[in-house]
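Engineer: Got a structure for you, input-v5.cif, holding mmCIF, C-alpha atoms.
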data_query
#
loop_
_atom_site.label_atom_id
_atom_site.label_comp_id
_atom_site.auth_asym_id
_atom_site.auth_seq_id
_atom_site.Cartn_x
_atom_site.Cartn_y
_atom_site.Cartn_z
CA LYS A 553 174.94 63.65 82.58
CA GLN A 554 171.48 64.22 83.99
CA GLU A 555 168.72 62.24 82.29
CA VAL A 556 165.05 63.00 82.83
CA THR A 557 162.34 60.46 82.04
CA GLN A 558 158.59 60.94 82.01
CA ILE A 559 156.14 58.08 82.12
CA PRO A 560 153.69 57.55 80.56
CA ALA A 561 154.37 59.25 77.23
CA ALA A 562 150.63 59.66 76.68
CA LEU A 563 147.57 59.38 78.89
CA SER A 564 143.82 59.61 78.26
CA VAL A 565 141.38 59.99 81.12
CA PRO A 566 137.68 60.82 81.43
CA GLU A 567 136.76 64.24 82.73
CA GLY A 568 136.63 64.49 86.51
CA GLU A 569 139.24 61.84 87.17
CA ASN A 570 142.26 62.49 89.37
CA LEU A 571 145.59 61.64 87.76
CA VAL A 572 149.32 61.47 88.43
CA LEU A 573 152.14 62.22 86.04
CA ASN A 574 155.60 60.89 86.81
CA CYS A 575 159.07 62.30 86.35
CA SER A 576 162.35 60.66 87.28
CA PHE A 577 165.91 61.94 87.10
CA THR A 578 169.24 60.18 87.42
CA ASP A 579 171.32 62.68 89.41
CA SER A 580 169.87 63.82 92.72
CA ALA A 581 172.16 66.87 92.91
CA ILE A 582 169.58 69.35 91.69
CA TYR A 583 168.76 72.95 92.56
CA ASN A 584 165.08 72.74 91.73
CA LEU A 585 162.50 71.01 89.59
CA GLN A 586 159.97 72.77 87.42
CA TRP A 587 156.75 71.48 85.84
CA PHE A 588 155.58 73.08 82.59
CA ARG A 589 152.54 72.84 80.40
CA GLN A 590 152.78 73.07 76.61
CA ASP A 591 149.78 73.45 74.34
CA PRO A 592 150.20 72.34 70.70
CA GLY A 593 152.36 74.78 68.76
CA LYS A 594 152.83 77.02 71.78
CA GLY A 595 155.55 77.89 74.23
CA LEU A 596 155.93 76.47 77.72
CA THR A 597 153.95 77.78 80.67
CA SER A 598 155.45 77.28 84.11
CA LEU A 599 153.08 75.50 86.49
CA LEU A 600 155.05 74.79 89.63
CA LEU A 601 158.61 75.14 90.88
CA ILE A 602 159.91 73.01 93.72
CA GLN A 603 163.18 73.93 95.38
CA SER A 604 165.52 71.07 96.27
CA SER A 605 164.80 71.67 99.96
CA GLN A 606 161.03 71.41 99.49
CA ARG A 607 158.83 68.33 99.36
CA GLU A 608 155.84 69.71 97.50
CA GLN A 609 154.14 72.73 95.97
CA THR A 610 150.47 73.34 95.30
CA SER A 611 148.61 75.61 92.93
CA GLY A 612 144.88 75.21 92.62
CA ARG A 613 144.12 71.69 91.43
CA LEU A 614 147.79 70.93 90.89
CA ASN A 615 150.15 69.43 93.43
CA ALA A 616 153.76 68.57 92.69
CA SER A 617 155.93 66.48 94.97
CA LEU A 618 159.67 65.95 95.02
CA ASP A 619 161.68 63.08 96.45
CA LYS A 620 165.19 64.15 95.65
CA SER A 621 166.92 61.15 97.17
CA SER A 622 165.03 58.72 94.95
CA GLY A 623 165.12 61.02 91.92
CA ARG A 624 161.37 61.31 91.51
CA SER A 625 158.68 63.91 91.16
CA THR A 626 154.97 63.59 90.59
CA LEU A 627 152.39 66.04 89.33
CA TYR A 628 148.92 65.36 90.70
CA ILE A 629 145.97 66.88 88.88
CA ALA A 630 142.67 66.78 90.73
CA ALA A 631 139.26 66.69 89.06
CA SER A 632 140.65 66.83 85.53
CA GLN A 633 138.96 69.03 82.92
CA PRO A 634 139.12 69.03 79.10
CA GLY A 635 141.08 72.30 79.35
CA ASP A 636 143.86 70.38 81.10
CA SER A 637 144.63 68.58 77.84
CA ALA A 638 148.21 69.45 76.93
CA THR A 639 151.73 68.08 77.13
CA TYR A 640 153.28 68.28 80.58
CA LEU A 641 157.05 68.60 80.87
CA CYS A 642 159.27 68.37 83.89
CA ALA A 643 162.72 69.90 84.05
CA VAL A 644 165.48 69.72 86.64
CA ARG A 645 168.02 72.45 87.22
CA THR A 646 171.53 71.28 88.06
CA GLY A 647 173.35 74.58 87.67
CA ALA A 648 172.82 78.25 86.92
CA ASN A 649 172.21 77.54 83.26
CA ASN A 650 171.66 73.81 83.15
CA LEU A 651 168.03 72.79 82.82
CA PHE A 652 167.34 69.24 81.69
CA PHE A 653 163.92 68.41 80.27
CA GLY A 654 161.96 65.22 79.97
CA THR A 655 160.17 64.40 76.72
CA GLY A 656 156.79 65.03 78.29
CA THR A 657 153.48 63.32 78.92
CA ARG A 658 150.69 64.12 76.46
CA LEU A 659 147.46 64.30 78.45
CA THR A 660 144.00 64.08 76.89
CA VAL A 661 140.97 64.64 79.11
CA ILE A 662 137.85 63.26 77.46
CA PRO A 663 134.60 65.18 78.07
CA SER B 1115 155.27 92.30 84.64
CA GLN B 1116 157.74 90.58 82.39
CA THR B 1117 156.94 89.53 78.85
CA ILE B 1118 158.96 87.75 76.22
CA HIS B 1119 158.44 88.12 72.48
CA GLN B 1120 159.61 85.99 69.60
CA TRP B 1121 159.27 86.56 65.89
CA PRO B 1122 158.43 85.40 63.42
CA ALA B 1123 155.87 82.90 64.69
CA THR B 1124 156.34 80.63 61.67
CA LEU B 1125 158.96 80.48 58.96
CA VAL B 1126 159.50 78.34 55.88
CA GLN B 1127 162.98 78.58 54.41
CA PRO B 1128 164.82 76.65 51.68
CA VAL B 1129 167.96 74.68 52.42
CA GLY B 1130 171.05 76.87 52.21
CA SER B 1131 169.24 80.12 53.02
CA PRO B 1132 170.16 82.32 56.01
CA LEU B 1133 168.18 82.54 59.24
CA SER B 1134 167.54 85.20 61.83
CA LEU B 1135 165.17 84.67 64.75
CA GLU B 1136 164.70 87.40 67.30
CA CYS B 1137 163.73 87.34 70.95
CA THR B 1138 163.15 90.31 73.23
CA VAL B 1139 162.28 90.51 76.90
CA GLU B 1140 160.44 93.34 78.63
CA GLY B 1141 160.09 94.21 82.28
CA THR B 1142 163.38 92.89 83.60
CA SER B 1143 167.04 93.76 83.37
CA ASN B 1144 170.16 91.64 82.97
CA PRO B 1145 168.26 88.39 82.49
CA ASN B 1146 169.90 85.12 81.54
CA LEU B 1147 168.68 84.30 78.03
CA TYR B 1148 168.36 80.93 76.31
CA TRP B 1149 167.64 79.40 72.90
CA TYR B 1150 166.14 75.90 72.81
CA ARG B 1151 165.09 73.67 69.93
CA GLN B 1152 162.29 71.16 70.17
CA ALA B 1153 162.31 68.60 67.37
CA ALA B 1154 159.25 66.47 66.66
CA GLY B 1155 158.88 63.75 69.28
CA ARG B 1156 161.96 64.85 71.17
CA GLY B 1157 162.67 66.86 74.28
CA LEU B 1158 163.95 70.40 74.45
CA GLN B 1159 167.59 70.81 73.51
CA LEU B 1160 169.49 73.80 74.86
CA LEU B 1161 171.36 75.49 72.02
CA PHE B 1162 172.79 78.68 73.52
CA TYR B 1163 172.63 80.73 76.67
CA SER B 1164 173.81 84.20 77.58
CA VAL B 1165 174.49 85.78 80.96
CA GLY B 1166 175.14 89.27 79.56
CA ILE B 1167 175.62 91.44 76.49
CA GLY B 1168 178.06 89.83 74.09
CA GLN B 1169 178.43 86.74 76.29
CA ILE B 1170 177.30 83.59 74.49
CA SER B 1171 177.79 79.97 75.51
CA SER B 1172 177.13 77.21 73.02
CA GLU B 1173 175.87 73.86 74.21
CA VAL B 1174 175.71 71.99 70.93
CA PRO B 1175 178.10 72.38 67.98
CA GLN B 1176 176.13 73.10 64.83
CA ASN B 1177 175.71 75.58 62.03
CA LEU B 1178 173.74 77.95 64.25
CA SER B 1179 175.04 80.98 66.12
CA ALA B 1180 173.62 83.40 68.66
CA SER B 1181 174.22 87.02 69.54
CA ARG B 1182 173.11 89.37 72.28
CA PRO B 1183 173.55 92.92 71.02
CA GLN B 1184 171.44 94.45 73.79
CA ASP B 1185 170.59 93.45 77.35
CA ARG B 1186 167.13 92.17 76.50
CA GLN B 1187 167.63 91.05 72.90
CA PHE B 1188 168.77 87.60 71.82
CA ILE B 1189 169.19 86.58 68.18
CA LEU B 1190 169.58 83.12 66.67
CA SER B 1191 171.20 82.99 63.25
CA SER B 1192 172.47 80.71 60.56
CA LYS B 1193 174.35 81.42 57.37
CA LYS B 1194 173.09 78.28 55.60
CA LEU B 1195 170.15 76.25 56.85
CA LEU B 1196 170.10 72.45 56.80
CA LEU B 1197 167.04 70.21 56.63
CA SER B 1198 167.88 69.06 60.15
CA ASP B 1199 167.43 72.62 61.43
CA SER B 1200 163.65 72.25 61.16
CA GLY B 1201 161.93 72.41 64.52
CA PHE B 1202 160.28 74.58 67.10
CA TYR B 1203 162.63 77.22 68.51
CA LEU B 1204 161.96 78.59 71.94
CA CYS B 1205 163.55 81.55 73.64
CA ALA B 1206 163.54 81.77 77.41
CA TRP B 1207 164.72 84.09 80.13
CA SER B 1208 165.60 83.32 83.73
CA ASP B 1209 165.71 85.22 86.97
CA ARG B 1210 168.21 82.59 88.16
CA LEU B 1211 165.34 80.68 89.75
CA GLU B 1212 162.69 79.90 87.15
CA GLN B 1213 162.71 79.89 83.40
CA TYR B 1214 160.03 81.68 81.40
CA PHE B 1215 159.42 80.82 77.79
CA GLY B 1216 158.37 82.75 74.73
CA PRO B 1217 155.68 81.63 72.28
CA GLY B 1218 158.17 79.95 69.93
CA THR B 1219 158.99 79.99 66.23
CA ARG B 1220 158.07 77.06 64.00
CA LEU B 1221 160.84 76.69 61.41
CA THR B 1222 160.42 74.41 58.42
CA VAL B 1223 163.41 73.97 56.14
CA THR B 1224 162.42 72.68 52.70
#
Translate this file's structure into structure tokens.
Structural biologist:
Amino acid sequence: KQEVTQIPAALSVPEGENLVLNCSFTDSAIYNLQWFRQDPGKGLTSLLLIQSSQREQTSGRLNASLDKSSGRSTLYIAASQPGDSATYLCAVRTGANNLFFGTGTRLTVIP
Amino acid sequence: SQTIHQWPATLVQPVGSPLSLECTVEGTSNPNLYWYRQAAGRGLQLLFYSVGIGQISSEVPQNLSASRPQDRQFILSSKKLLLSDSGFYLCAWSDRLEQYFGPGTRLTVT
């Protein structure tokens, strides 16, 4: 069974700092990997989707990479802002209806 | 554009009472639909998914059930709630590529 791990569980950084969130998965046979953001008490907002054939995706200050063979993905956030404070979740898709989530990294950006 | 609605936003129910949570999607047809539960400090757990009207697949045996009476409507139900049913319930739809989530329902069973 696919297991998804996110490290660290929580992270605090000063505003303006660049940071990297990590996601690892045990089974490299994936269709795609998706990064989400979740604000407290809210639903999930999709940030980036990387297909299994892709190495990275970028959206604004966010860049996600995928190394399928080693079972790793990173989410790079440039020039962090207080508004980036949230929990970041990664999820890997292994089938049409199989999406496995990590437990998330809770990010706090300190003004 | 597509939107997904869930209601109610919050719910407090006593143990043993029934439950009905509703999810509707607008702006798409024949979506795959999902119910997830997020317990405190834990990851998202897939409860049910549906690929069409009346077609429900259960991922986790429990006292919950799901129904899809219309193409864009997904309902999560229980006849008798347990304390362990407390959590944050999220509905999602998929275009077979990405998943898109609703705003969630916070359920507290007392």
Engineer: Name the residues that the PyMOL selection byres ((chain B) within 9 of (chain A)) picks from the file above, as a list in words, using the file's chain letters and numbers.
Structural biologist: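 Going through the file, the PyMOL selection byres ((chain B) within 9 of (chain A)) ends up selecting Asn1146, Tyr1148, Gly1155, Arg1156, Gly1157, Leu1158, Gln1159, Leu1160, Tyr1163, Ser1164, Val1165, Phe1202, Leu1204, Cys1205, Ser1208, Arg1210, Leu1211, Glu1212, Gln1213, Tyr1214, Phe1215, Gly1216, Pro1217, Gly1218, Thr1219 and Arg1220 of chain B.
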Engineer: I would like the residues chosen by the PyMOL selection byres ((chain A and resi 561) around 10) on the shown file; could you give them as a CSV table (one decimal) with C-alpha atoms, in the coordinates of the input?
Structural biologist:
chain,number,residue,atom,x,y,z
A,557,THR,CA,162.3,60.5,82.0
A,558,GLN,CA,158.6,60.9,82.0
A,559,ILE,CA,156.1,58.1,82.1
A,560,PRO,CA,153.7,57.6,80.6
A,562,ALA,CA,150.6,59.7,76.7
A,563,LEU,CA,147.6,59.4,78.9
A,573,LEU,CA,152.1,62.2,86.0
A,574,ASN,CA,155.6,60.9,86.8
A,639,THR,CA,151.7,68.1,77.1
A,640,TYR,CA,153.3,68.3,80.6
A,655,THR,CA,160.2,64.4,76.7
A,656,GLY,CA,156.8,65.0,78.3
A,657,THR,CA,153.5,63.3,78.9
A,658,ARG,CA,150.7,64.1,76.5
A,659,LEU,CA,147.5,64.3,78.4
Engineer: Evaluate the PyMOL selection byres ((chain B and resi 1171-1179) around 6) on the structure here and hand back the selected residues as an NGL selection string.
Structural biologist: :B and (1161-1163 or 1170 or 1180 or 1190-1192)
Engineer: Since we have the selection now, will you write its residues out, keeping C-alpha atoms, as a PDB file, keeping the file's coordinate frame?
Structural biologist:
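In the end it all went to result13.pdb:
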ATOM      1  CA  LEU B1161     171.360  75.490  72.020  1.00  0.00           C
ATOM      2  CA  PHE B1162     172.790  78.680  73.520  1.00  0.00           C
ATOM      3  CA  TYR B1163     172.630  80.730  76.670  1.00  0.00           C
ATOM      4  CA  ILE B1170     177.300  83.590  74.490  1.00  0.00           C
ATOM      5  CA  ALA B1180     173.620  83.400  68.660  1.00  0.00           C
ATOM      6  CA  LEU B1190     169.580  83.120  66.670  1.00  0.00           C
ATOM      7  CA  SER B1191     171.200  82.990  63.250  1.00  0.00           C
ATOM      8  CA  SER B1192     172.470  80.710  60.560  1.00  0.00           C
TER       9      SER B1192
END
Engineer: Determine the nearest neighbour of Thr1142 (chain B) from the options B:Ile1118, B:Leu1125, B:Leu1195, B:Ile1189, counting all atoms listed in the file.
Structural biologist: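 Of the candidates, the smallest distance to Thr1142 (chain B) is held by B:Ile1118.
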Engineer: So that I can see what lies close to region 613-626 of chain A, please list as a list of chain:residue names the residues with an atom at most 9 Å from it, counting only C-alpha atoms and leaving out residues fewer than 4 positions away in the same chain.
Structural biologist: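 Surrounding residues, per the criterion: A:Val572, A:Leu573, A:Asn574, A:Cys575, A:Ser576, A:Phe577, A:Thr578, A:Asp579, A:Ser580, A:Ala581, A:Ile582, A:Leu585, A:Trp587, A:Leu599, A:Leu600, A:Leu601, A:Ile602, A:Gln603, A:Ser604, A:Ser605, A:Gln606, A:Arg607, A:Glu608, A:Gln609, A:Ala630, A:Ala631, A:Ser632, A:Cys642.
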